[in-house]
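Asks: JSON, C-alpha atoms, saved as entry.json, coming up:
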```
[["chain", "number", "residue", "atom", "x", "y", "z"],
["A", 1, "MET", "CA", 22.36, -21.26, 138.96],
["A", 2, "ALA", "CA", 19.79, -22.15, 136.30],
["A", 3, "ILE", "CA", 21.89, -24.78, 134.45],
["A", 4, "THR", "CA", 22.99, -28.21, 135.67],
["A", 5, "LEU", "CA", 25.38, -30.09, 133.38],
["A", 6, "MET", "CA", 25.58, -33.89, 133.42],
["A", 7, "ASN", "CA", 26.80, -36.99, 131.63],
["A", 8, "PRO", "CA", 24.12, -39.67, 132.11],
["A", 9, "SER", "CA", 25.07, -43.27, 132.65],
["A", 10, "GLY", "CA", 24.79, -45.13, 129.36],
["A", 11, "LEU", "CA", 26.16, -42.27, 127.23],
["A", 12, "VAL", "CA", 29.82, -41.83, 126.38],
["A", 13, "GLU", "CA", 31.56, -39.16, 128.44],
["A", 14, "VAL", "CA", 33.17, -36.65, 126.10],
["A", 15, "GLY", "CA", 35.87, -34.51, 127.67],
["A", 16, "ALA", "CA", 35.07, -31.40, 125.63],
["A", 17, "TYR", "CA", 31.45, -31.05, 126.75],
["A", 18, "HIS", "CA", 28.61, -32.59, 128.79],
["A", 19, "GLN", "CA", 25.88, -34.62, 127.09],
["A", 20, "VAL", "CA", 22.94, -32.97, 128.89],
["A", 21, "SER", "CA", 22.07, -29.61, 130.41],
["A", 22, "ILE", "CA", 19.05, -29.23, 132.65],
["A", 23, "ALA", "CA", 17.61, -25.71, 132.69],
["A", 24, "SER", "CA", 15.56, -24.58, 135.66],
["A", 25, "GLY", "CA", 15.51, -20.85, 134.91],
["A", 26, "SER", "CA", 12.88, -18.82, 133.16],
["A", 27, "LYS", "CA", 14.80, -16.23, 131.10],
["A", 28, "LEU", "CA", 16.25, -17.47, 127.80],
["A", 29, "VAL", "CA", 19.14, -15.72, 126.08],
["A", 30, "PHE", "CA", 19.81, -16.52, 122.42],
["A", 31, "VAL", "CA", 23.16, -15.34, 121.09],
["A", 32, "ALA", "CA", 23.39, -15.08, 117.30],
["A", 33, "GLY", "CA", 26.25, -16.87, 115.60],
["A", 34, "GLN", "CA", 29.47, -15.04, 116.42],
["A", 35, "VAL", "CA", 32.33, -14.91, 113.94],
["A", 36, "ALA", "CA", 35.93, -13.75, 114.41],
["A", 37, "TRP", "CA", 35.28, -10.01, 114.14],
["A", 38, "ASP", "CA", 36.45, -7.49, 116.68],
["A", 39, "ALA", "CA", 34.13, -4.67, 117.81],
["A", 40, "ASP", "CA", 35.03, -2.68, 114.66],
["A", 41, "GLY", "CA", 34.12, -5.51, 112.28],
["A", 42, "VAL", "CA", 37.75, -6.36, 111.50],
["A", 43, "ALA", "CA", 38.54, -10.07, 111.08],
["A", 44, "VAL", "CA", 40.74, -11.46, 113.88],
["A", 45, "GLY", "CA", 43.08, -14.35, 113.07],
["A", 46, "SER", "CA", 43.61, -16.31, 109.91],
["A", 47, "ASP", "CA", 43.87, -19.75, 111.55],
["A", 48, "LEU", "CA", 41.12, -21.82, 113.15],
["A", 49, "ALA", "CA", 42.44, -21.59, 116.75],
["A", 50, "ALA", "CA", 42.61, -17.78, 116.68],
["A", 51, "GLN", "CA", 39.15, -17.50, 115.14],
["A", 52, "VAL", "CA", 37.60, -19.95, 117.62],
["A", 53, "GLU", "CA", 39.11, -17.92, 120.47],
["A", 54, "GLN", "CA", 37.65, -14.68, 119.11],
["A", 55, "CYS", "CA", 34.24, -16.28, 118.54],
["A", 56, "TYR", "CA", 34.14, -17.47, 122.16],
["A", 57, "LEU", "CA", 35.21, -14.03, 123.41],
["A", 58, "ASN", "CA", 32.43, -12.48, 121.32],
["A", 59, "VAL", "CA", 29.89, -14.93, 122.75],
["A", 60, "GLY", "CA", 31.15, -14.00, 126.22],
["A", 61, "THR", "CA", 30.63, -10.30, 125.45],
["A", 62, "ALA", "CA", 27.10, -10.94, 124.20],
["A", 63, "LEU", "CA", 26.26, -13.05, 127.25],
["A", 64, "ALA", "CA", 27.58, -10.39, 129.63],
["A", 65, "ALA", "CA", 25.41, -7.75, 127.93],
["A", 66, "ALA", "CA", 22.40, -9.94, 128.76],
["A", 67, "GLY", "CA", 23.51, -10.42, 132.37],
["A", 68, "ALA", "CA", 24.72, -13.97, 131.69],
["A", 69, "SER", "CA", 28.00, -15.88, 131.49],
["A", 70, "PHE", "CA", 29.23, -19.18, 130.08],
["A", 71, "ASP", "CA", 28.02, -20.80, 133.33],
["A", 72, "ASP", "CA", 24.47, -20.06, 132.10],
["A", 73, "VAL", "CA", 24.92, -21.60, 128.64],
["A", 74, "ALA", "CA", 22.63, -24.55, 128.02],
["A", 75, "LYS", "CA", 23.77, -25.29, 124.44],
["A", 76, "LEU", "CA", 26.42, -24.25, 121.92],
["A", 77, "ASN", "CA", 26.36, -24.75, 118.16],
["A", 78, "VAL", "CA", 29.71, -24.58, 116.36],
["A", 79, "HIS", "CA", 29.91, -24.33, 112.57],
["A", 80, "VAL", "CA", 33.35, -24.94, 111.01],
["A", 81, "VAL", "CA", 34.14, -24.46, 107.32],
["A", 82, "ASP", "CA", 35.44, -27.63, 105.62],
["A", 83, "TRP", "CA", 35.52, -29.57, 108.90],
["A", 84, "THR", "CA", 37.71, -32.66, 109.16],
["A", 85, "PRO", "CA", 38.62, -34.46, 112.40],
["A", 86, "ASP", "CA", 42.28, -33.43, 112.07],
["A", 87, "LYS", "CA", 41.14, -29.86, 112.88],
["A", 88, "MET", "CA", 40.08, -30.87, 116.40],
["A", 89, "PRO", "CA", 43.39, -29.84, 118.08],
["A", 90, "GLN", "CA", 43.08, -26.33, 116.61],
["A", 91, "LEU", "CA", 39.45, -26.11, 117.72],
["A", 92, "MET", "CA", 40.34, -27.22, 121.26],
["A", 93, "GLU", "CA", 43.32, -24.82, 121.38],
["A", 94, "GLY", "CA", 41.04, -21.88, 120.60],
["A", 95, "ILE", "CA", 38.46, -23.00, 123.17],
["A", 96, "THR", "CA", 41.15, -23.44, 125.83],
["A", 97, "ARG", "CA", 42.66, -20.00, 125.18],
["A", 98, "ALA", "CA", 39.25, -18.32, 125.33],
["A", 99, "ALA", "CA", 38.23, -20.25, 128.47],
["A", 100, "THR", "CA", 41.45, -19.12, 130.16],
["A", 101, "LYS", "CA", 40.83, -15.47, 129.24],
["A", 102, "LEU", "CA", 37.19, -15.68, 130.32],
["A", 103, "GLY", "CA", 37.93, -17.66, 133.48],
["A", 104, "VAL", "CA", 35.35, -20.33, 132.68],
["A", 105, "THR", "CA", 35.30, -24.11, 132.94],
["A", 106, "ALA", "CA", 31.70, -24.90, 131.98],
["A", 107, "ALA", "CA", 31.37, -27.36, 129.11],
["A", 108, "PRO", "CA", 27.74, -27.28, 127.98],
["A", 109, "PRO", "CA", 26.32, -29.64, 125.36],
["A", 110, "ALA", "CA", 27.58, -28.65, 121.94],
["A", 111, "THR", "CA", 26.94, -29.56, 118.34],
["A", 112, "LEU", "CA", 29.79, -29.32, 115.84],
["A", 113, "LEU", "CA", 28.77, -29.03, 112.20],
["A", 114, "GLY", "CA", 30.97, -28.89, 109.13],
["A", 115, "VAL", "CA", 29.72, -26.32, 106.63],
["A", 116, "ALA", "CA", 30.72, -25.38, 103.10],
["A", 117, "ALA", "CA", 31.05, -21.65, 103.78],
["A", 118, "LEU", "CA", 30.09, -18.81, 106.13],
["A", 119, "ASP", "CA", 29.15, -15.17, 105.51],
["A", 120, "VAL", "CA", 32.55, -14.05, 104.18],
["A", 121, "PRO", "CA", 35.45, -16.14, 102.87],
["A", 122, "GLU", "CA", 37.87, -15.29, 105.71],
["A", 123, "HIS", "CA", 35.56, -16.66, 108.41],
["A", 124, "LEU", "CA", 36.40, -20.25, 109.34],
["A", 125, "VAL", "CA", 34.05, -20.72, 112.30],
["A", 126, "GLU", "CA", 30.79, -19.39, 113.75],
["A", 127, "ILE", "CA", 29.51, -20.11, 117.27],
["A", 128, "GLU", "CA", 26.02, -19.52, 118.67],
["A", 129, "ALA", "CA", 24.78, -19.99, 122.22],
["A", 130, "THR", "CA", 21.57, -20.44, 124.19],
["A", 131, "ALA", "CA", 21.68, -19.50, 127.87],
["A", 132, "VAL", "CA", 19.14, -19.77, 130.68],
["A", 133, "LEU", "CA", 18.92, -17.40, 133.65],
["A", 134, "ASP", "CA", 16.90, -17.57, 136.86]]
```
Mind converting the file's structure to structure tokens?

Replies:
Amino acid sequence: MAITLMNPSGLVEVGAYHQVSIASGSKLVFVAGQVAWDADGVAVGSDLAAQVEQCYLNVGTALAAAGASFDDVAKLNVHVVDWTPDKMPQLMEGITRAATKLGVTAAPPATLLGVAALDVPEHLVEIEATAVLD
């Protein structure tokens, strides 16, 4: 595997992700920000948890097309409209549901950013990924 995840001594251990990923592979996969659209471009879910789940499933589909999986992800970026800390349970619920469906446990480094808006008003979250393959 081309990715090793770790939490270095001296940094807080966050349960939702690891602080560092070490990439030893040579093929990079960049997945564009995925929103809660199905394959037909229809919005899935009107709440944050449902949209996060669909975004993760879409990232999983994109990774698989490149011959990768969430185990190969070195970094995630998550953009949430009007983010406030009280939305964290909904975010984690969506991640947990998607991880269960995808059969993954990897928790790569992630950045969570609150944004004013996304491409269309019904989208509440967008997730992009960078993966590394051998």

Asks: A:Ile22, A:Val80, A:Ala39, A:Ile127: which is nearest Ala2 of chain A, counting all atoms listed in the file?

Replies: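 Among A:Ile22, A:Val80, A:Ala39, A:Ile127, it is A:Ile22 that comes nearest to Ala2 of chain A.
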
Asks: For Met92 of chain A, find every residue with an atom within 10 Å (counting all atoms listed in the file), except residues of its own chain fewer than 6 positions away, and show them as a VMD selection string.

Replies: chain A and resid 16 48 to 49 52 to 53 98

Asks: Grab the residues selected above and save them as a PDB file, in the frame of the given file with C-alpha atoms.

Replies:
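Full text of selection.pdb as output:
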```pdb
ATOM      1  CA  ALA A  16      35.070 -31.400 125.630  1.00  0.00           C
ATOM      2  CA  LEU A  48      41.120 -21.820 113.150  1.00  0.00           C
ATOM      3  CA  ALA A  49      42.440 -21.590 116.750  1.00  0.00           C
ATOM      4  CA  VAL A  52      37.600 -19.950 117.620  1.00  0.00           C
ATOM      5  CA  GLU A  53      39.110 -17.920 120.470  1.00  0.00           C
ATOM      6  CA  ALA A  98      39.250 -18.320 125.330  1.00  0.00           C
TER       7      ALA A  98
END
```

Asks: Give me the residues within 7 Å of segment 105-112 of chain A as a ChimeraX atom specification, counting all atoms listed in the file and dropping any in the same chain fewer than 6 places off.

Replies: /A:5,16-21,70-71,73-79,99

Asks: Restricting the calculation to only C-alpha atoms, which member of A:Leu57, A:Leu91, A:Ala43, A:Ala50 is positioned closest to His123 of chain A?

Replies: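 Closest candidate: A:Ala43.
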
Asks: For Ala65 of chain A, which residue among A:Gln90, A:Ile3, A:Glu13, A:Phe30 is the nearest when counting only C-alpha atoms?

Replies: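 The answer is A:Phe30, which sits nearest to Ala65 of chain A.
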
Asks: Any idea what the distance is between atom CA of Val42 of chain A and atom CA of Asp86 of chain A?

Replies: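 Atom-to-atom, atom CA of Val42 of chain A and atom CA of Asp86 of chain A are spaced 27.5 Å apart.
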
Asks: What is the distance between atom CA of Ser46 of chain A and atom CA of Leu124 of chain A, in Å to one decimal?

Replies: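 Answer for the atom CA of Ser46 of chain A to atom CA of Leu124 of chain A separation: 8.2 Å.
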
Asks: So how many Å separate atom CA of Lys101 of chain A and atom CA of Asp40 of chain A, to one decimal?

Replies: 20.2 Å

Asks: Around all listed atoms of segment 4-13 of chain A, padded 4 Å per side, what centre and edge lengths does the axis-aligned box have in Å to one decimal, as lines of an AutoDock Vina configuration file?

Replies:
```
center_x = 27.3
center_y = -36.7
center_z = 131.0
size_x = 16.6
size_y = 24.9
size_z = 17.3
```

Asks: For a quick check of understanding, using all atoms listed in the file, which of A:Thr84, A:Thr4, A:Thr61, A:Thr100 has the smallest distance to Ala32 of chain A?

Replies: A:Thr61

Asks: Compile the contact shell of Ala62 of chain A as a VMD selection string: residues with an atom at most 10 Å away, counting all atoms listed in the file, same-chain residues fewer than 3 positions apart removed.

Replies: chain A and resid 29 to 32 34 56 to 59 65 to 69 129

Asks: Write out the residues from the selection above, keeping C-alpha atoms, as an mmCIF file, in the coordinates of the input.

Replies:
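Result went into result.cif, see below:
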```cif
data_model
loop_
_atom_site.group_PDB
_atom_site.id
_atom_site.type_symbol
_atom_site.label_atom_id
_atom_site.label_comp_id
_atom_site.auth_asym_id
_atom_site.auth_seq_id
_atom_site.Cartn_x
_atom_site.Cartn_y
_atom_site.Cartn_z
ATOM 1 C CA VAL A 29 19.140 -15.720 126.080
ATOM 2 C CA PHE A 30 19.810 -16.520 122.420
ATOM 3 C CA VAL A 31 23.160 -15.340 121.090
ATOM 4 C CA ALA A 32 23.390 -15.080 117.300
ATOM 5 C CA GLN A 34 29.470 -15.040 116.420
ATOM 6 C CA TYR A 56 34.140 -17.470 122.160
ATOM 7 C CA LEU A 57 35.210 -14.030 123.410
ATOM 8 C CA ASN A 58 32.430 -12.480 121.320
ATOM 9 C CA VAL A 59 29.890 -14.930 122.750
ATOM 10 C CA ALA A 65 25.410 -7.750 127.930
ATOM 11 C CA ALA A 66 22.400 -9.940 128.760
ATOM 12 C CA GLY A 67 23.510 -10.420 132.370
ATOM 13 C CA ALA A 68 24.720 -13.970 131.690
ATOM 14 C CA SER A 69 28.000 -15.880 131.490
ATOM 15 C CA ALA A 129 24.780 -19.990 122.220
#
```

Asks: Measuring between all atoms listed in the file, which one of A:Ile95, A:Leu118, A:Leu28, A:Val12 shows the shortest distance to Thr130 of chain A?

Replies: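 Using all atoms listed in the file, the shortest distance to Thr130 of chain A belongs to A:Leu28.
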
Asks: Find the residue from A:Pro121, A:Pro85, A:Gly15, A:Gly60 that sits nearest to Leu102 of chain A; use only C-alpha atoms when measuring.

Replies: A:Gly60
